[in-house]
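Asker: Just model-v6.txt, nothing more (compact mmCIF, C-alpha atoms and all ligand atoms):
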```txt
# COMPACT_ATOMS: atom_id res chain seq x y z
CA MET A 1 43.33 142.24 -22.56
CA LYS A 2 44.18 139.30 -24.70
CA ALA A 3 46.62 139.27 -27.57
CA ALA A 4 46.41 137.05 -30.61
CA ASN A 5 49.41 134.75 -30.66
CA LEU A 6 50.36 133.70 -34.17
CA CYS A 7 52.30 130.51 -34.75
CA LEU A 8 56.05 130.94 -34.28
CA SER A 9 57.13 128.01 -36.44
CA GLY A 10 55.38 129.46 -39.49
CA LEU A 11 57.24 132.69 -38.94
CA THR A 12 60.54 130.84 -38.51
CA SER A 13 60.24 129.14 -41.88
CA LEU A 14 59.41 132.52 -43.40
CA LEU A 15 62.55 134.07 -41.93
CA LEU A 16 64.89 131.09 -42.40
CA ALA A 17 68.46 132.30 -42.78
CA SER A 18 69.94 132.69 -46.22
CA GLY A 19 72.31 135.61 -46.38
CA ALA A 20 71.91 139.28 -45.53
CA ALA A 21 70.77 140.35 -49.00
CA SER A 22 67.53 138.40 -48.80
CA GLN A 23 66.91 139.12 -45.11
CA GLN A 24 65.42 142.55 -45.77
CA PRO A 25 62.35 141.64 -47.88
CA LYS A 26 61.79 138.60 -45.67
CA LEU A 27 61.62 140.84 -42.64
CA ASP A 28 59.01 142.96 -44.41
CA VAL A 29 56.94 139.90 -45.32
CA ALA A 30 57.12 138.63 -41.73
CA LEU A 31 56.10 142.06 -40.47
CA ASP A 32 53.12 142.14 -42.84
CA GLN A 33 52.02 138.85 -41.36
CA GLU A 34 52.44 140.02 -37.76
CA LEU A 35 50.96 143.51 -37.99
CA PRO A 36 47.24 142.77 -37.71
CA SER A 37 47.78 140.89 -34.44
CA LEU A 38 50.19 143.55 -33.15
CA VAL A 39 47.76 146.36 -33.94
CA SER A 40 44.94 144.56 -32.13
CA THR A 41 47.25 144.03 -29.12
CA TYR A 42 48.10 147.73 -29.24
CA LYS A 43 44.46 148.78 -29.27
CA ALA A 44 43.67 146.45 -26.35
CA LEU A 45 46.58 147.95 -24.37
CA HIS A 46 45.54 151.46 -25.31
CA ALA A 47 42.00 150.92 -24.08
CA ALA A 48 43.21 149.51 -20.74
CA PRO A 49 46.02 151.79 -19.50
CA GLU A 50 47.46 151.44 -16.00
CA LEU A 51 49.16 154.10 -13.88
CA SER A 52 52.77 153.91 -12.71
CA HIS A 53 53.25 151.37 -9.87
CA HIS A 54 50.05 149.58 -10.96
CA GLU A 55 50.95 147.94 -14.30
CA ASP A 56 49.93 144.41 -13.30
CA LYS A 57 47.66 143.51 -16.24
CA THR A 58 49.96 145.06 -18.85
CA ALA A 59 52.91 143.20 -17.33
CA ALA A 60 50.98 139.92 -17.28
CA LEU A 61 50.04 140.30 -20.95
CA LEU A 62 53.63 141.05 -21.94
CA ALA A 63 54.98 138.17 -19.85
CA GLY A 64 52.50 135.73 -21.41
CA GLU A 65 53.42 136.77 -24.95
CA LEU A 66 57.18 136.55 -24.37
CA ARG A 67 56.86 133.18 -22.65
CA GLY A 68 54.86 131.96 -25.62
CA PHE A 69 57.77 132.85 -27.93
CA GLY A 70 60.18 130.73 -25.87
CA TYR A 71 61.75 133.34 -23.59
CA GLU A 72 62.54 132.53 -19.98
CA VAL A 73 60.39 135.09 -18.17
CA THR A 74 60.69 136.42 -14.62
CA GLU A 75 57.82 138.56 -13.35
CA HIS A 76 57.43 140.97 -10.42
CA VAL A 77 60.93 142.43 -10.63
CA GLY A 78 61.19 145.74 -8.80
CA LYS A 79 61.60 147.01 -5.28
CA TYR A 80 60.25 150.43 -4.27
CA PRO A 81 60.85 152.36 -1.05
CA ARG A 82 57.08 152.29 -0.45
CA PRO A 83 56.08 148.74 0.51
CA GLU A 84 52.53 149.09 -0.86
CA TRP A 85 53.94 149.46 -4.41
CA GLN A 86 54.49 146.14 -6.12
CA GLY A 87 57.26 145.65 -8.64
CA HIS A 88 55.65 144.85 -11.99
CA GLY A 89 58.89 144.60 -13.97
CA ILE A 90 59.34 141.79 -16.50
CA VAL A 91 62.65 140.23 -17.51
CA ALA A 92 62.64 137.88 -20.49
CA VAL A 93 65.84 136.08 -21.49
CA MET A 94 66.70 134.06 -24.58
CA LYS A 95 70.12 132.39 -24.42
CA ASN A 96 71.47 131.51 -27.83
CA GLY A 97 75.08 130.43 -27.44
CA ALA A 98 78.19 132.51 -26.90
CA GLY A 99 78.01 136.13 -27.98
CA PRO A 100 77.06 139.59 -26.77
CA THR A 101 74.32 140.27 -24.23
CA VAL A 102 71.88 142.86 -25.52
CA LEU A 103 69.14 144.44 -23.41
CA VAL A 104 66.03 145.93 -25.01
CA ARG A 105 63.73 147.94 -22.76
CA ALA A 106 60.10 148.97 -23.16
CA ASP A 107 58.26 151.02 -20.53
CA MET A 108 54.68 150.04 -19.70
CA ASP A 109 52.96 152.72 -17.60
CA ALA A 110 50.29 155.28 -18.54
CA LEU A 111 49.47 158.78 -17.23
CA PRO A 112 46.74 160.41 -15.13
CA VAL A 113 45.22 162.09 -18.20
CA GLU A 114 41.59 161.94 -19.33
CA GLU A 115 41.71 160.91 -22.99
CA GLN A 116 40.04 163.28 -25.44
CA THR A 117 41.03 161.78 -28.78
CA GLY A 118 37.59 160.32 -29.53
CA LEU A 119 39.27 157.26 -31.08
CA PRO A 120 37.18 154.06 -31.23
CA TYR A 121 39.79 152.38 -29.00
CA ALA A 122 40.17 155.38 -26.65
CA SER A 123 40.60 154.76 -22.93
CA HIS A 124 37.61 155.33 -20.64
CA VAL A 125 39.52 154.13 -17.59
CA HIS A 126 39.18 155.99 -14.32
CA THR A 127 40.98 155.07 -11.14
CA LYS A 128 42.18 156.43 -7.83
CA ASN A 129 45.71 157.76 -7.95
CA ASP A 130 48.27 157.26 -5.16
CA ALA A 131 46.91 160.39 -3.43
CA GLY A 132 43.37 158.96 -3.49
CA PHE A 133 41.91 161.27 -6.16
CA ASP A 134 39.79 159.97 -9.04
CA VAL A 135 41.72 160.43 -12.31
CA GLY A 136 41.30 159.47 -15.95
CA VAL A 137 44.07 157.19 -17.24
CA MET A 138 45.55 157.34 -20.73
CA HIS A 139 48.55 156.06 -22.65
CA ALA A 140 49.38 159.67 -23.52
CA CYS A 141 53.11 158.99 -23.88
CA GLY A 142 52.73 155.99 -26.19
CA HIS A 143 54.19 153.35 -23.86
CA ASP A 144 51.55 151.01 -25.34
CA ILE A 145 53.39 151.47 -28.65
CA HIS A 146 56.61 150.49 -26.87
CA VAL A 147 55.13 147.34 -25.31
CA THR A 148 53.64 146.29 -28.65
CA THR A 149 56.92 146.99 -30.43
CA LEU A 150 58.76 144.84 -27.89
CA ILE A 151 56.30 141.98 -28.49
CA GLY A 152 56.80 142.23 -32.26
CA THR A 153 60.59 142.44 -31.94
CA ALA A 154 60.65 139.52 -29.49
CA LYS A 155 58.67 137.35 -31.87
CA LEU A 156 60.72 138.15 -34.97
CA LEU A 157 64.02 137.62 -33.13
CA ALA A 158 62.81 134.31 -31.68
CA ALA A 159 61.90 133.19 -35.19
CA MET A 160 65.33 134.34 -36.49
CA LYS A 161 67.25 132.52 -33.75
CA ASP A 162 69.48 130.72 -36.25
CA GLN A 163 70.79 134.08 -37.51
CA TRP A 164 72.07 135.56 -34.25
CA HIS A 165 74.06 134.49 -31.21
CA GLY A 166 74.43 135.67 -27.64
CA THR A 167 71.90 136.46 -24.92
CA LEU A 168 68.90 138.63 -25.60
CA VAL A 169 67.32 140.31 -22.56
CA LEU A 170 63.93 142.00 -22.92
CA ILE A 171 62.75 144.30 -20.18
CA GLY A 172 59.19 145.42 -19.48
CA GLN A 173 59.81 148.39 -17.22
CA PRO A 174 57.18 149.84 -14.91
CA SER A 175 56.91 153.42 -13.61
CA GLU A 176 58.87 155.42 -16.15
CA GLU A 177 56.57 158.43 -15.75
CA THR A 178 57.39 158.60 -12.05
CA ILE A 179 61.05 157.90 -12.95
CA ASP A 180 61.43 155.25 -10.26
CA GLY A 181 60.81 152.06 -12.28
CA ALA A 182 64.31 151.45 -13.67
CA ARG A 183 65.78 152.18 -10.23
CA ALA A 184 63.30 149.74 -8.65
CA MET A 185 64.32 146.96 -11.06
CA LEU A 186 68.03 147.56 -10.47
CA ALA A 187 67.42 147.69 -6.71
CA ASP A 188 65.78 144.26 -7.00
CA GLY A 189 69.05 142.79 -8.28
CA LEU A 190 68.33 142.97 -12.02
CA TYR A 191 72.00 142.70 -13.00
CA SER A 192 72.62 139.77 -10.68
CA ARG A 193 69.65 137.88 -12.13
CA ILE A 194 70.76 138.33 -15.74
CA PRO A 195 74.18 138.59 -17.34
CA ARG A 196 75.25 142.24 -17.33
CA PRO A 197 74.44 143.56 -20.80
CA ASP A 198 77.09 144.72 -23.26
CA TYR A 199 74.57 147.09 -24.83
CA ALA A 200 71.16 148.50 -23.86
CA LEU A 201 68.62 149.73 -26.42
CA ALA A 202 65.25 151.46 -26.14
CA LEU A 203 62.81 153.25 -28.36
CA HIS A 204 60.36 156.09 -27.73
CA ASP A 205 57.63 157.35 -30.00
CA SER A 206 57.78 160.96 -31.18
CA SER A 207 54.83 163.33 -31.37
CA GLU A 208 56.55 165.41 -34.05
CA LEU A 209 58.34 162.93 -36.30
CA GLU A 210 56.56 161.50 -39.36
CA VAL A 211 55.64 157.82 -39.41
CA GLY A 212 58.17 155.62 -41.18
CA LYS A 213 61.07 157.59 -39.76
CA ILE A 214 63.54 156.97 -36.95
CA SER A 215 65.61 159.65 -35.27
CA TYR A 216 68.71 159.46 -33.10
CA THR A 217 70.81 161.90 -31.08
CA PRO A 218 74.45 161.07 -30.41
CA GLY A 219 75.73 161.88 -26.90
CA TYR A 220 73.40 163.54 -24.39
CA SER A 221 69.87 163.37 -25.76
CA LEU A 222 67.65 163.85 -22.68
CA ALA A 223 68.50 165.74 -19.51
CA SER A 224 68.84 164.55 -15.95
CA SER A 225 65.89 165.52 -13.79
CA THR A 226 66.01 166.20 -10.07
CA ALA A 227 63.08 167.25 -7.91
CA VAL A 228 63.95 169.66 -5.11
CA GLU A 229 61.74 170.84 -2.25
CA VAL A 230 62.55 174.04 -0.44
CA THR A 231 60.93 175.22 2.78
CA ILE A 232 61.60 178.87 3.51
CA ARG A 233 60.96 179.33 7.23
CA GLY A 234 60.42 182.63 9.02
CA ARG A 235 58.38 183.88 11.92
CA GLY A 236 54.67 184.40 11.49
CA ALA A 237 52.79 187.47 12.76
CA HIS A 238 49.69 189.60 12.27
CA GLY A 239 49.69 191.10 8.78
CA SER A 240 49.67 194.58 10.31
CA ARG A 241 52.84 193.95 12.35
CA PRO A 242 55.65 193.06 9.91
CA GLU A 243 58.21 194.44 12.37
CA VAL A 244 57.80 191.42 14.68
CA SER A 245 57.87 188.90 11.80
CA LYS A 246 60.48 187.30 9.62
CA ASP A 247 58.29 187.23 6.52
CA PRO A 248 58.85 183.97 4.59
CA ILE A 249 56.74 185.21 1.65
CA VAL A 250 59.13 188.08 0.98
CA LEU A 251 62.11 185.76 1.54
CA ALA A 252 60.64 183.20 -0.89
CA ALA A 253 60.18 185.95 -3.50
CA GLU A 254 63.81 187.02 -3.03
CA TYR A 255 64.95 183.42 -3.23
CA ILE A 256 63.11 182.73 -6.48
CA LEU A 257 64.68 185.77 -8.14
CA ALA A 258 68.12 185.06 -6.65
CA ILE A 259 68.24 181.52 -8.04
CA GLN A 260 67.67 182.86 -11.56
CA THR A 261 71.35 183.81 -11.53
CA ILE A 262 72.48 180.19 -11.12
CA VAL A 263 71.98 179.38 -14.81
CA SER A 264 72.67 182.90 -16.10
CA ARG A 265 75.78 183.77 -13.97
CA GLU A 266 77.25 180.62 -12.43
CA ASN A 267 76.90 178.16 -15.28
CA SER A 268 78.82 177.92 -18.54
CA PRO A 269 76.61 178.76 -21.53
CA PHE A 270 77.99 175.57 -23.11
CA ASP A 271 76.39 173.40 -20.39
CA PRO A 272 72.61 173.34 -20.84
CA ALA A 273 70.69 173.67 -17.57
CA VAL A 274 67.20 174.57 -16.36
CA VAL A 275 66.01 175.57 -12.89
CA THR A 276 62.22 175.89 -12.69
CA VAL A 277 60.09 176.68 -9.65
CA GLY A 278 56.87 174.90 -10.54
CA SER A 279 54.97 175.25 -7.30
CA ILE A 280 54.80 177.75 -4.43
CA HIS A 281 52.49 177.49 -1.45
CA GLY A 282 52.37 179.61 1.66
CA GLY A 283 49.92 181.40 3.88
CA THR A 284 46.18 181.24 4.36
CA LYS A 285 44.91 184.82 4.45
CA GLY A 286 45.92 188.33 3.46
CA ASN A 287 46.28 189.63 7.00
CA ILE A 288 48.47 186.82 8.36
CA ILE A 289 52.20 186.52 7.81
CA PRO A 290 52.74 182.75 7.73
CA ASP A 291 55.52 180.74 9.37
CA GLU A 292 56.78 179.13 6.17
CA VAL A 293 56.50 178.83 2.40
CA HIS A 294 56.97 175.62 0.37
CA LEU A 295 58.53 175.57 -3.08
CA GLN A 296 58.84 172.66 -5.52
CA LEU A 297 61.53 172.83 -8.19
CA THR A 298 62.85 170.78 -11.06
CA VAL A 299 66.50 170.90 -12.09
CA ARG A 300 67.56 169.70 -15.55
CA THR A 301 71.14 169.24 -16.75
CA TYR A 302 73.17 166.93 -18.96
CA LYS A 303 76.37 166.75 -16.94
CA GLU A 304 76.42 165.31 -13.42
CA GLU A 305 78.94 167.93 -12.19
CA VAL A 306 76.61 170.70 -13.38
CA ARG A 307 73.72 169.08 -11.53
CA GLN A 308 75.77 168.84 -8.34
CA ARG A 309 76.85 172.49 -8.62
CA ILE A 310 73.27 173.69 -9.13
CA LEU A 311 72.01 171.68 -6.14
CA ALA A 312 74.79 173.19 -4.00
CA SER A 313 73.87 176.69 -5.23
CA LEU A 314 70.19 176.19 -4.41
CA ASP A 315 71.21 175.33 -0.86
CA ARG A 316 73.78 178.14 -0.52
CA ILE A 317 71.43 180.85 -1.83
CA ALA A 318 68.59 179.70 0.45
CA LYS A 319 70.89 180.05 3.47
CA GLY A 320 72.19 183.39 2.18
CA VAL A 321 68.71 184.86 1.71
CA ALA A 322 67.71 183.72 5.22
CA LEU A 323 70.87 185.20 6.69
CA ALA A 324 70.30 188.52 4.91
CA GLY A 325 66.71 188.53 6.18
CA GLY A 326 67.80 188.02 9.80
CA VAL A 327 66.14 184.62 10.17
CA PRO A 328 67.43 182.89 13.33
CA GLU A 329 69.56 179.82 12.79
CA ASP A 330 66.97 177.41 14.16
CA ARG A 331 64.58 178.61 11.43
CA ALA A 332 67.11 178.17 8.61
CA PRO A 333 65.61 177.06 5.27
CA ILE A 334 65.37 173.35 4.44
CA VAL A 335 66.51 172.35 0.94
CA LYS A 336 65.71 168.71 0.19
CA THR A 337 66.76 166.88 -2.94
CA SER A 338 64.46 163.96 -3.74
CA GLU A 339 66.22 160.61 -3.87
CA THR A 340 63.42 158.85 -5.72
CA GLU A 341 62.30 161.61 -8.08
CA ALA A 342 65.66 161.95 -9.77
CA THR A 343 67.11 160.41 -12.88
CA PRO A 344 70.39 160.78 -14.77
CA ALA A 345 70.67 162.16 -18.30
CA THR A 346 70.10 159.85 -21.23
CA TYR A 347 73.44 159.47 -22.96
CA ASN A 348 73.55 157.78 -26.33
CA ASP A 349 76.97 156.21 -26.65
CA PRO A 350 78.45 157.94 -29.75
CA ALA A 351 80.11 154.82 -31.20
CA LEU A 352 77.02 152.65 -30.68
CA THR A 353 74.79 155.41 -32.09
CA ALA A 354 76.95 155.77 -35.22
CA ARG A 355 76.99 152.01 -35.74
CA GLU A 356 73.22 151.66 -35.36
CA ALA A 357 72.47 154.76 -37.44
CA ALA A 358 74.46 153.23 -40.32
CA ALA A 359 72.69 149.87 -39.95
CA LEU A 360 69.25 151.52 -39.80
CA LYS A 361 69.97 153.71 -42.83
CA LYS A 362 70.81 150.54 -44.73
CA GLY A 363 67.65 148.79 -43.55
CA LEU A 364 65.12 151.63 -43.64
CA GLY A 365 66.58 153.96 -46.26
CA ALA A 366 68.93 156.87 -45.49
CA GLU A 367 66.11 159.40 -45.90
CA ASN A 368 64.16 157.72 -43.08
CA VAL A 369 66.87 157.82 -40.41
CA ILE A 370 67.46 161.32 -39.12
CA GLU A 371 69.81 162.90 -36.60
CA ASP A 372 67.87 165.05 -34.13
CA LYS A 373 68.83 167.58 -31.48
CA PRO A 374 68.77 166.90 -27.74
CA VAL A 375 65.95 168.09 -25.45
CA MET A 376 65.69 168.89 -21.72
CA GLY A 377 62.96 166.30 -21.09
CA SER A 378 63.94 163.26 -19.03
CA GLU A 379 63.78 159.47 -18.99
CA ASP A 380 65.05 156.87 -16.56
CA PHE A 381 66.37 154.52 -19.27
CA GLY A 382 69.89 155.91 -18.70
CA LEU A 383 70.01 154.07 -15.36
CA PHE A 384 70.38 150.76 -17.20
CA GLY A 385 73.78 152.05 -18.41
CA LEU A 386 74.95 152.30 -14.77
CA GLU A 387 76.91 155.20 -13.30
CA GLY A 388 79.48 156.80 -15.57
CA HIS A 389 77.96 155.27 -18.74
CA GLN A 390 79.55 151.86 -18.03
CA ILE A 391 77.22 150.11 -20.48
CA PRO A 392 76.74 151.75 -23.90
CA THR A 393 73.08 152.73 -24.28
CA LEU A 394 71.01 154.07 -27.15
CA MET A 395 67.46 155.36 -27.23
CA LEU A 396 65.93 155.77 -30.69
CA ARG A 397 62.79 157.78 -31.50
CA VAL A 398 60.13 156.42 -33.85
CA GLY A 399 57.86 158.72 -35.84
CA ALA A 400 54.18 158.40 -34.86
CA ILE A 401 52.38 161.16 -36.78
CA ASP A 402 51.10 160.97 -40.36
CA ALA A 403 52.34 163.42 -42.98
CA ASP A 404 48.91 165.07 -43.39
CA ARG A 405 48.70 166.09 -39.75
CA ILE A 406 52.25 167.46 -39.83
CA ALA A 407 51.53 169.45 -43.01
CA ASN A 408 48.28 170.76 -41.55
CA SER A 409 50.02 171.90 -38.37
CA GLN A 410 52.68 173.69 -40.41
CA LYS A 411 50.01 175.36 -42.56
CA THR A 412 47.79 176.52 -39.70
CA GLY A 413 50.54 177.20 -37.15
CA VAL A 414 48.63 175.13 -34.60
CA PRO A 415 51.15 172.87 -32.84
CA LEU A 416 50.57 169.11 -32.85
CA PRO A 417 49.48 167.63 -29.50
CA SER A 418 52.64 166.81 -27.57
CA LEU A 419 53.37 163.65 -25.61
CA HIS A 420 51.31 163.69 -22.38
CA SER A 421 48.51 165.64 -24.14
CA ALA A 422 44.95 164.27 -23.89
CA LEU A 423 44.81 164.67 -27.69
CA PHE A 424 48.03 162.82 -28.60
CA TRP A 425 47.54 159.76 -30.78
CA PRO A 426 50.16 157.79 -32.69
CA VAL A 427 49.05 156.16 -35.95
CA PRO A 428 49.18 152.51 -34.87
CA GLU A 429 50.05 150.47 -37.95
CA PRO A 430 52.98 152.39 -39.49
CA THR A 431 54.41 153.38 -36.09
CA ILE A 432 54.50 149.78 -34.87
CA ARG A 433 55.81 148.56 -38.24
CA THR A 434 58.75 150.96 -38.20
CA GLY A 435 59.37 150.43 -34.48
CA VAL A 436 59.55 146.63 -34.76
CA LYS A 437 61.65 146.74 -37.91
CA ALA A 438 64.09 149.29 -36.49
CA MET A 439 64.51 147.47 -33.17
CA THR A 440 64.92 144.10 -34.88
CA LEU A 441 67.57 145.55 -37.20
CA ALA A 442 69.28 147.30 -34.27
CA VAL A 443 69.51 144.06 -32.27
CA MET A 444 70.62 142.05 -35.31
CA GLU A 445 73.40 144.58 -35.95
CA LEU A 446 74.86 143.72 -32.52
CA MET A 447 74.09 139.99 -32.42
CA LYS A 448 74.16 138.69 -36.00
CA LYS A 449 76.28 135.64 -36.76
ZN ZN B 1 56.04 160.38 -20.68
ZN ZN B 2 57.40 158.14 -22.36
```
Can you present the structure in this file as structure tokens?
Ligand SMILES: [Zn+2]
Ligand SMILES: [Zn+2]
Answerer:
Amino acid sequence: MKAANLCLSGLTSLLLASGAASQQPKLDVALDQELPSLVSTYKALHAAPELSHHEDKTAALLAGELRGFGYEVTEHVGKYPRPEWQGHGIVAVMKNGAGPTVLVRADMDALPVEEQTGLPYASHVHTKNDAGFDVGVMHACGHDIHVTTLIGTAKLLAAMKDQWHGTLVLIGQPSEETIDGARAMLADGLYSRIPRPDYALALHDSSELEVGKISYTPGYSLASSTAVEVTIRGRGAHGSRPEVSKDPIVLAAEYILAIQTIVSRENSPFDPAVVTVGSIHGGTKGNIIPDEVHLQLTVRTYKEEVRQRILASLDRIAKGVALAGGVPEDRAPIVKTSETEATPATYNDPALTAREAAALKKGLGAENVIEDKPVMGSEDFGLFGLEGHQIPTLMLRVGAIDADRIANSQKTGVPLPSLHSALFWPVPEPTIRTGVKAMTLAVMELMKK
């Protein structure tokens, strides 16, 4: 992967400061000039996706670009619990006098999905995943759009250096899809290597929003996600002799139904929450009662106290079901909350969101900047805001689908391919254009002189 690197000084003269009124068309002219190179970078990234924990080439490309624009770049930031995973995080800093510190984050990883778009720049990459299975790899979440948008934003802001002040921090984050990349960067001392940001911004493409548009959600916009593993233990026996068993299959069935009351009976209807059992495995044969059954769950909430209460309920109900079933104490169920596969909710600071929404409406047109409702999907970007929302954060969404496809889906009733679908494809040029413009405007709103 190699990206065309246009001359920065030419861009600087194009964007030379001269009042806010004339900044707008100049930004558009600069974007016109940058887009062909950005689109070719995007297509190169799209054709060469890398799985979470393995983003080395993507990270190297991003680092090279940012260094070329004059940023001070640190590579290999990130520390995982598994020593064989390398940290591929990038931190790029541009110090420009006294002023606010603003962090902009782009995630870099792709998914184990075999691309079926048939695009000329489609991925044909296959690799072994962490479990050793051969998988297709695809940028099915559009993180290649995010990396490209960060490159474009970095270049424009470097060229506009005389118009802003403060410290700009650009982050290339690995392993968002496994939700352990932001944590790995913070665990590697991110906030002791850079000044702690006053604001953190990010952008994600949308598989439903029309190109040219930006959406925002004040307050909680994405849920926290916690993986939970439950082992229901019993006593195995011949299938014909249930009387000498403690049947974990029946107990697991009771448990799954019992935990349905957590959201419906224990939780306030005003606090959104989801408890899903996504996997159940137990037994080998119809005439054998097994010793144990394994369940894998995901828990989604916005509020931390709701998450804690649900996790406590999952544990309490497991013990209660075992007790009711007469399971001896030494075979009590094991309820394990994953420490690595967990991420807090994404909370868009209301004041920051209102400020940026107003700035973006001015820059992109009020009709192109839309308030959207929250969803129960998850992201690990919220971690950059630190516990208790210490740093105001905002994640914007950028439209990636052309109007024709949206109209066609509405007409036929066939839903558009969602993010993570093998058929998802953002329209490169207008998506990147709007992404770069929106992020540049958003940073300028916080850092302008
Ligand atoms: Zn994703
Ligand atoms: Zn994503």
Asker: Within 7 Å of ligand ZN 2 (chain B) (counting only C-alpha atoms and all ligand atoms), which residues show up? I'd like them as a VMD selection string.
Answerer: chain A and resid 141 to 143 176 to 177 204
Asker: Using C-alpha atoms, can you write the selected residues to a file as a compact mmCIF listing (two decimals), in the coordinates of the input?
Answerer:
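This went into again_18.txt:
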```txt
# COMPACT_ATOMS: atom_id res chain seq x y z
CA CYS A 141 53.11 158.99 -23.88
CA GLY A 142 52.73 155.99 -26.19
CA HIS A 143 54.19 153.35 -23.86
CA GLU A 176 58.87 155.42 -16.15
CA GLU A 177 56.57 158.43 -15.75
CA HIS A 204 60.36 156.09 -27.73
```
Asker: Within 12 Å of ligand ZN 1 (chain B), counting only C-alpha atoms and all ligand atoms, which protein or nucleic acid residues do you find, written as a PyMOL selection string?
Answerer: chain A and resi 51-52+107-113+138-144+146+175-179+204-207+377-381+418-421+424
Asker: Per residue of range 209-233 of chain A within 7 Å of range 343-358 of chain A, what are the shortest atom pair and its distance in Å to one decimal, counting all atoms listed in the file, with rows by chain and residue number, as a tab-separated table?
Answerer:
```
residue	atom	partner	partner_atom	distance
A:Thr217	CA	A:Asn348	CA	6.9
A:Pro218	CA	A:Pro350	CA	5.1
A:Gly219	CA	A:Asn348	CA	4.7
A:Tyr220	CA	A:Tyr347	CA	4.3
A:Ser221	CA	A:Thr346	CA	5.7
A:Leu222	CA	A:Thr346	CA	4.9
A:Ala223	CA	A:Ala345	CA	4.4
A:Ser224	CA	A:Ala345	CA	3.8
A:Ser225	CA	A:Thr343	CA	5.3
A:Thr226	CA	A:Thr343	CA	6.5
```
Asker: Looking at all atoms listed in the file, which of A:Val244, A:Ala187, A:Ile171, A:Ile310 is the one that sits closest to Val327 in chain A?
Answerer: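 Between A:Val244, A:Ala187, A:Ile171, A:Ile310, the residue approaching Val327 in chain A most closely is A:Val244.
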Asker: Pick out the residues sitting within 12 Å of Ile317 in chain A, and hand them over as a VMD selection string; count only C-alpha atoms, and ignore anything fewer than 4 positions along from it in its own chain.
Answerer: chain A and resid 230 232 251 to 252 254 to 262 310 to 313 321 to 324 332 to 335
Asker: Counting only C-alpha atoms, find residues at most 7 Å from (62.4, 185.7, 10.6) (file frame) and give them as a list of chain:residue names.
Answerer: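 Those within range, by chain then number, are A:Gly234, A:Arg235, A:Ser245, A:Lys246, A:Asp247, A:Gly325, A:Gly326, A:Val327, A:Pro328.
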Asker: Here is a test: counting only C-alpha atoms, which residue of A:Asp271, A:Asp188, A:Asp56, A:Glu50 is nearest to Tyr80 in chain A?
Answerer: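 Smallest separation from Tyr80 in chain A among the options: A:Asp188.
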Asker: Counting all atoms listed in the file, figure out which residue out of A:Pro100, A:Gly388, A:Pro272, A:Gly236 gets nearest to Ile288 in chain A.
Answerer: A:Gly236
Asker: Counting only C-alpha atoms, which residues sit no farther than 6 Å from the position (64.9, 157.8, -26.8) in the file's frame? I'd like them as an MDAnalysis selection string.
Answerer: chainID A and resid 203:204 395:397
Asker: Name the closest residue to Lys26 in chain A among the candidates A:Ala342, A:Leu156, A:Val91, A:Leu66; distances are taken between atoms, counting all atoms listed in the file.
Answerer: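 Of A:Ala342, A:Leu156, A:Val91, A:Leu66, the one nearest Lys26 in chain A, counting all atoms listed in the file, is A:Leu156.
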Asker: Considering all atoms listed in the file, can you say which of A:Pro426, A:Lys303, A:Gly363, A:Ser13 comes closest to Asn267 in chain A?
Answerer: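 The closest residue to Asn267 in chain A is A:Lys303.
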